[in-house]
>>> print(open('structure01.txt').read())   # compact mmCIF, C-alpha atoms and all ligand atoms
# COMPACT_ATOMS: atom_id res chain seq x y z
CA MET A 46 155.14 159.35 99.24
CA LYS A 47 154.66 156.98 102.17
CA VAL A 48 155.14 153.30 101.38
CA SER A 49 154.43 150.49 103.86
CA LEU A 50 156.04 147.13 103.31
CA VAL A 51 154.26 144.31 105.12
CA GLY A 52 156.33 141.11 105.55
CA LEU A 53 160.08 141.26 105.77
CA GLY A 54 161.30 137.90 104.57
CA LYS A 55 163.58 137.27 101.61
CA VAL A 56 161.22 139.08 99.24
CA GLY A 57 160.35 141.96 101.60
CA SER A 58 164.03 142.62 102.38
CA ALA A 59 165.00 142.69 98.70
CA VAL A 60 162.08 145.02 97.96
CA ALA A 61 163.04 147.36 100.84
CA HIS A 62 166.65 147.53 99.66
CA ALA A 63 165.59 148.28 96.08
CA ILE A 64 163.27 151.08 97.29
CA VAL A 65 166.16 152.68 99.18
CA LEU A 66 168.58 152.37 96.26
CA LYS A 67 166.08 153.74 93.76
CA GLY A 68 164.62 156.40 96.08
CA LEU A 69 161.05 155.29 95.43
CA ALA A 70 159.61 156.46 98.76
CA ASP A 71 160.06 159.45 101.07
CA GLU A 72 158.96 157.39 104.04
CA LEU A 73 159.25 153.59 104.21
CA VAL A 74 157.60 151.64 107.06
CA LEU A 75 158.72 148.04 107.59
CA VAL A 76 156.10 145.84 109.23
CA SER A 77 157.17 142.42 110.46
CA ARG A 78 156.23 140.00 113.21
CA ARG A 79 159.92 139.92 114.11
CA THR A 80 160.00 143.48 115.44
CA GLU A 81 163.61 143.50 116.68
CA ILE A 82 164.88 142.28 113.31
CA ALA A 83 162.72 144.87 111.54
CA LYS A 84 164.25 147.65 113.68
CA SER A 85 167.76 146.48 112.84
CA GLU A 86 166.85 146.14 109.18
CA ALA A 87 165.52 149.73 109.22
CA ASP A 88 168.82 150.91 110.77
CA ASP A 89 170.86 149.06 108.17
CA LEU A 90 168.74 150.47 105.33
CA ASN A 91 169.02 154.01 106.74
CA HIS A 92 172.80 153.60 106.65
CA ALA A 93 172.54 152.61 102.99
CA ALA A 94 170.13 155.49 102.31
CA GLY A 95 172.67 157.96 103.70
CA LEU A 96 174.97 157.14 100.81
CA GLU A 97 172.36 157.93 98.13
CA GLU A 98 171.49 161.29 96.55
CA HIS A 99 167.80 160.97 97.43
CA SER A 100 166.55 160.59 100.98
CA VAL A 101 164.35 157.74 102.15
CA ASP A 102 163.39 157.68 105.81
CA VAL A 103 163.06 154.02 106.91
CA ARG A 104 161.49 152.89 110.18
CA ALA A 105 160.03 149.73 111.64
CA GLY A 106 156.44 149.70 112.87
CA GLY A 107 153.30 147.70 113.51
CA ASP A 108 150.11 147.46 111.45
CA LEU A 109 148.81 150.78 112.86
CA ASP A 110 151.97 152.58 111.70
CA THR A 111 150.95 151.98 108.09
CA ALA A 112 148.28 154.73 108.49
CA ASP A 113 148.21 157.34 105.71
CA SER A 114 150.23 155.20 103.32
CA ASP A 115 150.05 156.00 99.64
CA VAL A 116 151.12 152.48 98.73
CA ILE A 117 150.99 149.24 100.73
CA LEU A 118 153.17 146.41 99.42
CA TYR A 119 152.04 143.09 100.88
CA CYS A 120 154.77 140.38 101.09
CA ASP A 121 153.80 138.63 104.34
CA ALA A 122 153.79 134.85 104.03
CA SER A 123 153.93 131.75 106.13
CA PRO A 124 156.91 129.52 105.46
CA ALA A 125 156.41 127.50 102.27
CA LYS A 126 155.47 123.90 102.97
CA SER A 127 157.36 122.53 100.00
CA ILE A 128 160.95 122.72 98.82
CA ASP A 129 159.69 123.06 95.26
CA VAL A 130 157.76 126.04 93.97
CA ASP A 131 154.17 125.43 95.14
CA ARG A 132 152.39 128.76 95.19
CA TYR A 133 149.28 127.30 96.82
CA SER A 134 150.90 125.41 99.73
CA ALA A 135 150.60 128.25 102.27
CA ALA A 136 147.39 129.74 100.85
CA ARG A 137 145.20 129.12 103.90
CA ASP A 138 147.70 130.59 106.40
CA ASN A 139 148.53 133.55 104.17
CA LEU A 140 144.88 134.33 103.67
CA GLN A 141 144.10 134.03 107.36
CA ARG A 142 146.78 136.64 108.16
CA LEU A 143 145.46 138.94 105.47
CA HIS A 144 141.92 138.55 106.79
CA GLU A 145 142.96 139.55 110.31
CA ARG A 146 144.92 142.61 109.24
CA ILE A 147 143.33 144.15 106.19
CA PRO A 148 140.64 146.06 108.13
CA THR A 149 143.45 147.96 109.92
CA PHE A 150 145.27 148.72 106.67
CA ALA A 151 142.10 149.80 104.86
CA ALA A 152 140.83 152.01 107.69
CA GLY A 153 144.23 153.64 108.23
CA SER A 154 145.00 154.27 104.56
CA PRO A 155 141.66 154.61 102.76
CA GLN A 156 143.27 156.13 99.65
CA ALA A 157 146.18 153.69 99.38
CA ILE A 158 147.08 151.55 96.41
CA CYS A 159 147.54 147.97 97.61
CA VAL A 160 149.98 145.79 95.67
CA MET A 161 149.90 142.08 96.50
CA VAL A 162 153.09 140.04 96.19
CA THR A 163 152.28 137.07 98.46
CA ASN A 164 151.30 133.81 96.75
CA PRO A 165 149.02 132.48 95.51
CA VAL A 166 148.98 136.04 94.22
CA ASP A 167 145.80 135.85 92.10
CA VAL A 168 143.83 134.38 95.01
CA MET A 169 145.32 136.82 97.54
CA THR A 170 144.47 139.75 95.26
CA TRP A 171 140.86 138.60 94.90
CA PHE A 172 140.41 138.37 98.68
CA ALA A 173 142.27 141.65 99.32
CA LEU A 174 139.85 143.35 96.97
CA GLN A 175 136.79 141.87 98.71
CA MET A 176 138.07 142.48 102.23
CA SER A 177 139.34 146.04 101.72
CA GLY A 178 136.28 147.35 99.91
CA PHE A 179 138.70 149.41 97.79
CA PRO A 180 137.95 150.07 94.13
CA GLN A 181 139.54 147.52 91.81
CA GLU A 182 141.99 149.98 90.27
CA ARG A 183 143.66 150.30 93.70
CA VAL A 184 144.07 146.59 94.55
CA PHE A 185 146.15 144.48 92.24
CA GLY A 186 148.87 141.86 92.33
CA VAL A 187 152.32 141.59 90.76
CA GLY A 188 150.76 138.71 88.83
CA THR A 189 152.60 137.60 85.70
CA LEU A 190 154.93 140.60 85.47
CA LEU A 191 157.89 138.50 86.63
CA ASP A 192 156.87 135.66 84.29
CA THR A 193 156.82 138.23 81.49
CA ALA A 194 160.30 139.47 82.44
CA ARG A 195 161.59 135.88 82.40
CA LEU A 196 160.11 135.22 78.97
CA ARG A 197 161.42 138.51 77.54
CA ARG A 198 164.86 137.71 78.85
CA LEU A 199 164.90 134.34 77.06
CA LEU A 200 163.51 135.92 73.87
CA SER A 201 166.12 138.69 74.00
CA GLU A 202 168.89 136.09 74.17
CA LYS A 203 167.44 134.13 71.27
CA LEU A 204 166.79 137.20 69.11
CA SER A 205 169.88 139.20 70.22
CA VAL A 206 167.92 142.32 71.14
CA HIS A 207 167.35 144.21 74.37
CA ALA A 208 164.72 142.56 76.56
CA SER A 209 162.68 145.76 76.91
CA ASP A 210 162.27 145.96 73.09
CA VAL A 211 160.46 142.61 73.03
CA ARG A 212 156.70 143.19 73.07
CA ALA A 213 155.50 139.92 74.54
CA TYR A 214 153.26 139.38 77.54
CA VAL A 215 152.60 136.47 79.81
CA ILE A 216 149.05 136.81 81.08
CA GLY A 217 146.50 134.76 83.04
CA GLU A 218 147.40 132.74 86.13
CA HIS A 219 150.70 133.27 87.98
CA GLY A 220 151.22 129.52 87.96
CA GLU A 221 151.07 126.47 85.75
CA ASP A 222 148.46 127.82 83.37
CA GLN A 223 150.15 131.10 82.60
CA VAL A 224 149.64 132.15 78.97
CA ALA A 225 152.54 133.34 76.80
CA SER A 226 150.37 135.28 74.35
CA PHE A 227 152.58 134.95 71.26
CA SER A 228 149.65 135.59 68.94
CA THR A 229 149.93 139.28 69.95
CA ALA A 230 153.73 139.44 70.42
CA SER A 231 155.98 141.60 68.25
CA LEU A 232 159.49 142.93 67.77
CA GLY A 233 160.00 146.24 65.95
CA GLY A 234 156.49 146.02 64.58
CA GLU A 235 157.07 142.54 63.15
CA SER A 236 154.69 140.03 64.68
CA MET A 237 156.01 136.84 66.27
CA LYS A 238 153.96 133.94 65.07
CA PRO A 239 153.43 131.14 67.59
CA SER A 240 155.90 128.30 66.86
CA GLU A 241 157.43 125.24 68.53
CA ASP A 242 160.62 127.22 69.28
CA LEU A 243 158.69 129.98 71.02
CA ALA A 244 156.56 127.45 72.90
CA LEU A 245 159.77 125.87 74.22
CA LEU A 246 161.00 129.25 75.48
CA ALA A 247 157.65 129.85 77.16
CA ARG A 248 157.96 126.50 78.95
CA GLN A 249 161.51 127.35 80.06
CA ALA A 250 160.31 130.72 81.38
CA ALA A 251 157.45 129.08 83.29
CA GLU A 252 159.81 126.51 84.80
CA SER A 253 162.56 128.95 85.77
CA ALA A 254 161.14 129.76 89.23
CA GLY A 255 161.15 126.02 90.08
CA LYS A 256 164.75 125.71 88.93
CA ILE A 257 165.81 128.53 91.28
CA TYR A 258 163.71 127.14 94.17
CA ARG A 259 165.25 123.70 93.94
CA THR A 260 168.76 125.10 94.41
CA ARG A 261 168.31 128.33 96.34
CA GLY A 262 165.02 127.65 98.15
CA PHE A 263 163.41 130.98 97.20
CA THR A 264 163.44 133.77 94.62
CA ASN A 265 163.67 137.43 95.57
CA TYR A 266 165.64 139.65 93.16
CA GLY A 267 163.36 139.17 90.16
CA ILE A 268 160.22 139.83 92.19
CA ALA A 269 161.86 142.89 93.77
CA GLY A 270 162.58 144.21 90.26
CA ALA A 271 158.99 143.60 89.17
CA THR A 272 157.65 145.33 92.29
CA MET A 273 159.98 148.30 91.62
CA MET A 274 158.65 148.69 88.09
CA ILE A 275 155.12 148.97 89.48
CA LEU A 276 156.11 151.29 92.33
CA GLU A 277 158.12 153.56 90.02
CA SER A 278 155.20 153.78 87.62
CA ILE A 279 152.87 154.77 90.48
CA ARG A 280 155.26 157.26 92.10
CA ASN A 281 156.22 159.04 88.89
CA ASN A 282 152.89 158.50 87.13
CA ARG A 283 154.92 156.77 84.42
CA ARG A 284 151.97 154.92 82.87
CA ARG A 285 154.05 151.85 82.10
CA THR A 286 152.16 148.87 80.73
CA ALA A 287 152.60 145.74 82.82
CA PRO A 288 150.60 142.54 83.23
CA VAL A 289 149.20 142.64 86.76
CA SER A 290 146.66 140.51 88.57
CA MET A 291 143.30 142.27 88.72
CA ARG A 292 139.62 141.45 88.81
CA ILE A 293 138.61 140.34 85.33
CA ASN A 294 135.41 141.86 83.98
CA ASP A 295 134.23 139.58 81.18
CA TYR A 296 137.29 138.73 79.10
CA TYR A 297 136.60 135.71 76.88
CA GLY A 298 133.73 134.92 79.24
CA VAL A 299 135.89 135.04 82.39
CA LYS A 300 134.70 137.28 85.20
CA ASP A 301 134.96 137.83 88.95
CA VAL A 302 138.32 136.15 89.45
CA CYS A 303 141.72 137.84 89.55
CA LEU A 304 144.17 137.02 86.76
CA SER A 305 146.74 139.09 84.90
CA LEU A 306 146.06 141.28 81.88
CA PRO A 307 148.30 144.10 80.65
CA ALA A 308 147.39 147.33 82.42
CA VAL A 309 148.59 150.94 82.37
CA ILE A 310 149.90 151.76 85.85
CA GLY A 311 149.97 155.35 87.07
CA ARG A 312 149.44 157.54 90.11
CA ARG A 313 145.88 156.29 90.59
CA GLY A 314 146.81 152.63 90.26
CA ILE A 315 145.39 150.78 87.25
CA GLU A 316 144.56 153.56 84.78
CA ARG A 317 143.50 151.37 81.88
CA VAL A 318 143.19 147.65 81.08
CA LEU A 319 144.25 146.19 77.73
CA ARG A 320 142.42 143.19 76.33
CA PRO A 321 144.66 141.38 73.81
CA GLU A 322 143.10 139.04 71.26
CA LEU A 323 144.05 135.42 71.97
CA ASN A 324 144.09 132.36 69.73
CA GLU A 325 142.12 129.28 70.77
CA ALA A 326 144.97 127.54 72.61
CA GLU A 327 145.73 130.73 74.56
CA GLN A 328 142.06 131.18 75.44
CA ALA A 329 141.91 127.58 76.68
CA ALA A 330 144.95 128.13 78.97
CA PHE A 331 143.44 131.40 80.23
CA HIS A 332 140.22 129.51 81.07
CA ARG A 333 142.13 126.73 82.86
CA GLY A 334 143.88 129.35 85.02
CA ALA A 335 140.51 131.00 85.76
CA SER A 336 139.04 127.64 86.85
CA ARG A 337 141.96 126.95 89.16
CA ILE A 338 141.61 130.37 90.85
CA ARG A 339 137.82 130.06 91.10
CA GLU A 340 138.21 126.62 92.70
CA ALA A 341 140.80 127.94 95.20
CA ILE A 342 138.49 130.82 96.14
CA GLU A 343 135.61 128.40 96.73
CA VAL A 344 137.75 126.08 98.86
CA LEU A 345 139.21 128.91 100.95
CA THR A 346 136.10 131.03 101.52
CA PRO A 347 134.45 128.77 104.18
CA SER A 348 137.58 128.79 106.37
CA LEU A 349 137.38 132.59 106.50
CA GLU A 350 133.67 132.67 107.21
CA ALA A 351 134.26 130.30 110.12
CA VAL A 352 136.47 132.84 111.90
CA SER A 353 134.66 136.10 111.02
N1 LIG B 401 154.24 137.15 92.95
C1 LIG B 401 155.43 136.66 92.64
O1 LIG B 401 155.84 136.65 91.46
C2 LIG B 401 156.32 136.14 93.76
C3 LIG B 401 157.68 135.84 93.55
C4 LIG B 401 158.46 135.38 94.63
C5 LIG B 401 157.87 135.19 95.88
N2 LIG B 401 156.54 135.48 96.03
C6 LIG B 401 155.87 135.29 97.30
O2 LIG B 401 156.24 136.27 98.23
C7 LIG B 401 155.95 135.79 99.55
C8 LIG B 401 157.12 136.06 100.47
O3 LIG B 401 158.20 135.22 100.12
P1 LIG B 401 159.53 135.19 101.01
O4 LIG B 401 160.52 134.39 100.26
O5 LIG B 401 159.87 136.57 101.45
O6 LIG B 401 159.01 134.37 102.30
P2 LIG B 401 159.75 134.33 103.72
O7 LIG B 401 159.31 133.05 104.36
O8 LIG B 401 161.19 134.60 103.59
O9 LIG B 401 159.13 135.58 104.51
C9 LIG B 401 157.83 135.89 104.68
C10 LIG B 401 157.68 136.99 105.77
O10 LIG B 401 156.40 136.80 106.36
C11 LIG B 401 156.46 136.96 107.76
N3 LIG B 401 156.32 135.68 108.52
C12 LIG B 401 155.66 134.62 108.07
N4 LIG B 401 155.63 133.65 109.01
C13 LIG B 401 156.31 134.08 110.07
C14 LIG B 401 156.61 133.53 111.33
N5 LIG B 401 156.18 132.31 111.69
N6 LIG B 401 157.33 134.26 112.19
C15 LIG B 401 157.75 135.46 111.84
N7 LIG B 401 157.49 136.05 110.67
C16 LIG B 401 156.78 135.37 109.77
C17 LIG B 401 157.75 137.58 108.04
O11 LIG B 401 157.64 138.95 107.86
C18 LIG B 401 158.58 136.90 106.98
O12 LIG B 401 159.76 137.52 106.93
C19 LIG B 401 155.61 134.30 99.38
O13 LIG B 401 154.21 134.13 99.36
C20 LIG B 401 156.17 133.98 98.03
O14 LIG B 401 155.56 132.87 97.42
C21 LIG B 401 155.78 135.97 95.01
>>> encode(input="structure01.txt", output="structure tokens", more="lines below")
Ligand SMILES: NC(=O)c1ccc[n+]([C@@H]2O[C@H](COP(=O)([O-])OP(=O)(O)OC[C@H]3O[C@@H](n4cnc5c(N)ncnc54)[C@H](O)[C@@H]3O)[C@@H](O)[C@H]2O)c1
Amino acid sequence: MKVSLVGLGKVGSAVAHAIVLKGLADELVLVSRRTEIAKSEADDLNHAAGLEEHSVDVRAGGDLDTADSDVILYCDASPAKSIDVDRYSAARDNLQRLHERIPTFAAGSPQAICVMVTNPVDVMTWFALQMSGFPQERVFGVGTLLDTARLRRLLSEKLSVHASDVRAYVIGEHGEDQVASFSTASLGGESMKPSEDLALLARQAAESAGKIYRTRGFTNYGIAGATMMILESIRNNRRRTAPVSMRINDYYGVKDVCLSLPAVIGRRGIERVLRPELNEAEQAAFHRGASRIREAIEVLTPSLEAVS
């Protein structure tokens, strides 16, 4: 399987390293504006790959070298304009770069699955879908998968169980209005009723990215893990269920924006979408997230039309 990784910052580097350690590609192309650094990073990763059982062939390249990819992972971003977590601060620049490059990616790899990591991920996914012309099952974003992992981790500590046994999803916007859908959460078949305690954990999970940003300036390991779960499910047709950002087709009245819902991920991308039942408070938060994304799309669209 050929994987192209576009954008080699803190996130892209962590993703590349994880791919090599886990053997999740046969061929890995690193695309970065800093070509000399990308070449050296490819060398370094090939040295690491030589110590593994599986072989991953890593090389640096330009946009055209992504041709015939099976999966394109998009992590390219302009430097954040805030020291706090502000997923919208670089939206215009990030979108402009995507707009300039996606025709090359789409023409070179017409059958690829495109996974968006760059923030604001719901907005970027929506535009990537429009600009690529790909079917919606092959363009999706990492969305609230990392938020879900953060919440499950906190729940696992509180309940003293393994995080992967906790059936709880964060859905909706990857941002302030993310929805911890406790009304559908369960552990060992026992449902978890929404409560003040659980709401507090959900708030802590939502705020954990900000806490890391304010000390470290970025997050990368968690997002690399989330991206690996998706890539592994595609490569091995694992059909894992993960909340990913996708175009919503009439869910509680929301349509034609990208937000996260749990989806079955396999060799063809999104194989099936799950539509959990939400209580009224959860529906309201889902709608607030949808409004924020819709508004961002409307604000950003004219700037793209001006350059096309
Ligand atoms: N979806 C999620 O859950 C999630 C989690 C963490 C980070 N992210 C997002 O991932 C994206 C990447 O984050 P990061 O920490 O790797 O950012 P970063 O600033 O470290 O790197 C971004 C990469 O983009 C390219 N780039 C951008 N501007 C450049 C310039 N002027 N010169 C050269 N190269 C340039 C380079 O390849 C650079 O390495 C961001 O949008 C971030 O918000 C998403």
>>> closest_residue(input="structure01.txt", among="A:Gly178, A:Gly270, A:Ser348, A:Thr170", to="A:Ile293", atoms="all atoms listed in the file")
A:Thr170
>>> residues_near_ligand(input="structure01.txt", ligand="ligand LIG 401 (chain B)", cutoff="8 Å", atoms="all atoms listed in the file", output="VMD selection string")
chain A and resid 51 to 58 76 to 79 120 to 125 130 to 132 135 139 161 to 166 186 to 192 219 263 to 265 267 to 268 271
>>> closest_residue(input="structure01.txt", among="A:Met169, A:Ala93, A:Val101, A:Met46", to="A:Met291", atoms="all atoms listed in the file")
A:Met169
>>> closest_residue(input="structure01.txt", among="A:Leu245, A:Leu109, A:Met273, A:Val184", to="A:Leu66", atoms="all atoms listed in the file")
A:Met273
>>> atom_distance(input="structure01.txt", atom1="atom CA of A:Ser177", atom2="atom CA of A:Leu140")
13.1 Å
>>> residues_around(input="structure01.txt", residues="stretch 194-209 of chain A", least_positions_apart="3", cutoff="10 Å", atoms="all atoms listed in the file", output="JSON, numbers by chain")
{"A": [189, 190, 191, 212, 213, 214, 215, 225, 232, 242, 243, 246, 247, 248, 249, 250, 251, 252, 253, 254, 267, 268, 270, 271, 287]}
>>> closest_residue(input="structure01.txt", among="A:Gly314, A:Lys256, A:Val289, A:Ala94", to="A:Phe179", atoms="all atoms listed in the file")
A:Gly314
>>> atom_distance(input="structure01.txt", atom1="atom CA of A:Ala330", atom2="atom CA of A:Asp222")
5.6 Å
>>> closest_residue(input="structure01.txt", among="A:Ala329, A:Ser290, A:Ile315, A:Gln141", to="A:Pro180", atoms="all atoms listed in the file")
A:Ile315
>>> closest_residue(input="structure01.txt", among="A:Val103, A:Ile338, A:Ala112, A:Ala173", to="A:Lys300", atoms="all atoms listed in the file")
A:Ile338
>>> atom_distance(input="structure01.txt", atom1="atom CA of A:Asp113", atom2="atom CA of A:Ala157")
7.6 Å
>>> decode(input="structure01.txt", residues="stretch 309-333 of chain A", atoms="C-alpha atoms", output="short mmCIF file (atom, residue, chain, number, x, y, z; two decimals), in the first residue's frame")
data_model
loop_
_atom_site.label_atom_id
_atom_site.label_comp_id
_atom_site.auth_asym_id
_atom_site.auth_seq_id
_atom_site.Cartn_x
_atom_site.Cartn_y
_atom_site.Cartn_z
CA VAL A 309 -17.08 1.64 10.21
CA ILE A 310 -13.68 2.10 8.52
CA GLY A 311 -12.40 -0.49 6.07
CA ARG A 312 -10.50 -0.94 2.82
CA ARG A 313 -12.95 1.26 0.91
CA GLY A 314 -12.91 4.04 3.49
CA ILE A 315 -16.19 4.70 5.32
CA GLU A 316 -18.11 1.44 4.93
CA ARG A 317 -21.09 2.35 7.10
CA VAL A 318 -22.28 5.29 9.20
CA LEU A 319 -23.92 4.84 12.61
CA ARG A 320 -26.55 7.29 13.77
CA PRO A 321 -26.80 7.19 17.58
CA GLU A 322 -29.93 8.51 19.30
CA LEU A 323 -29.18 11.70 21.23
CA ASN A 324 -31.01 13.37 24.09
CA GLU A 325 -32.13 16.99 23.74
CA ALA A 326 -29.00 18.56 25.26
CA GLU A 327 -26.77 16.46 23.01
CA GLN A 328 -28.83 17.38 19.94
CA ALA A 329 -28.53 21.08 20.86
CA ALA A 330 -24.71 20.81 21.11
CA PHE A 331 -24.59 18.92 17.80
CA HIS A 332 -26.61 21.73 16.20
CA ARG A 333 -24.34 24.43 17.67
#
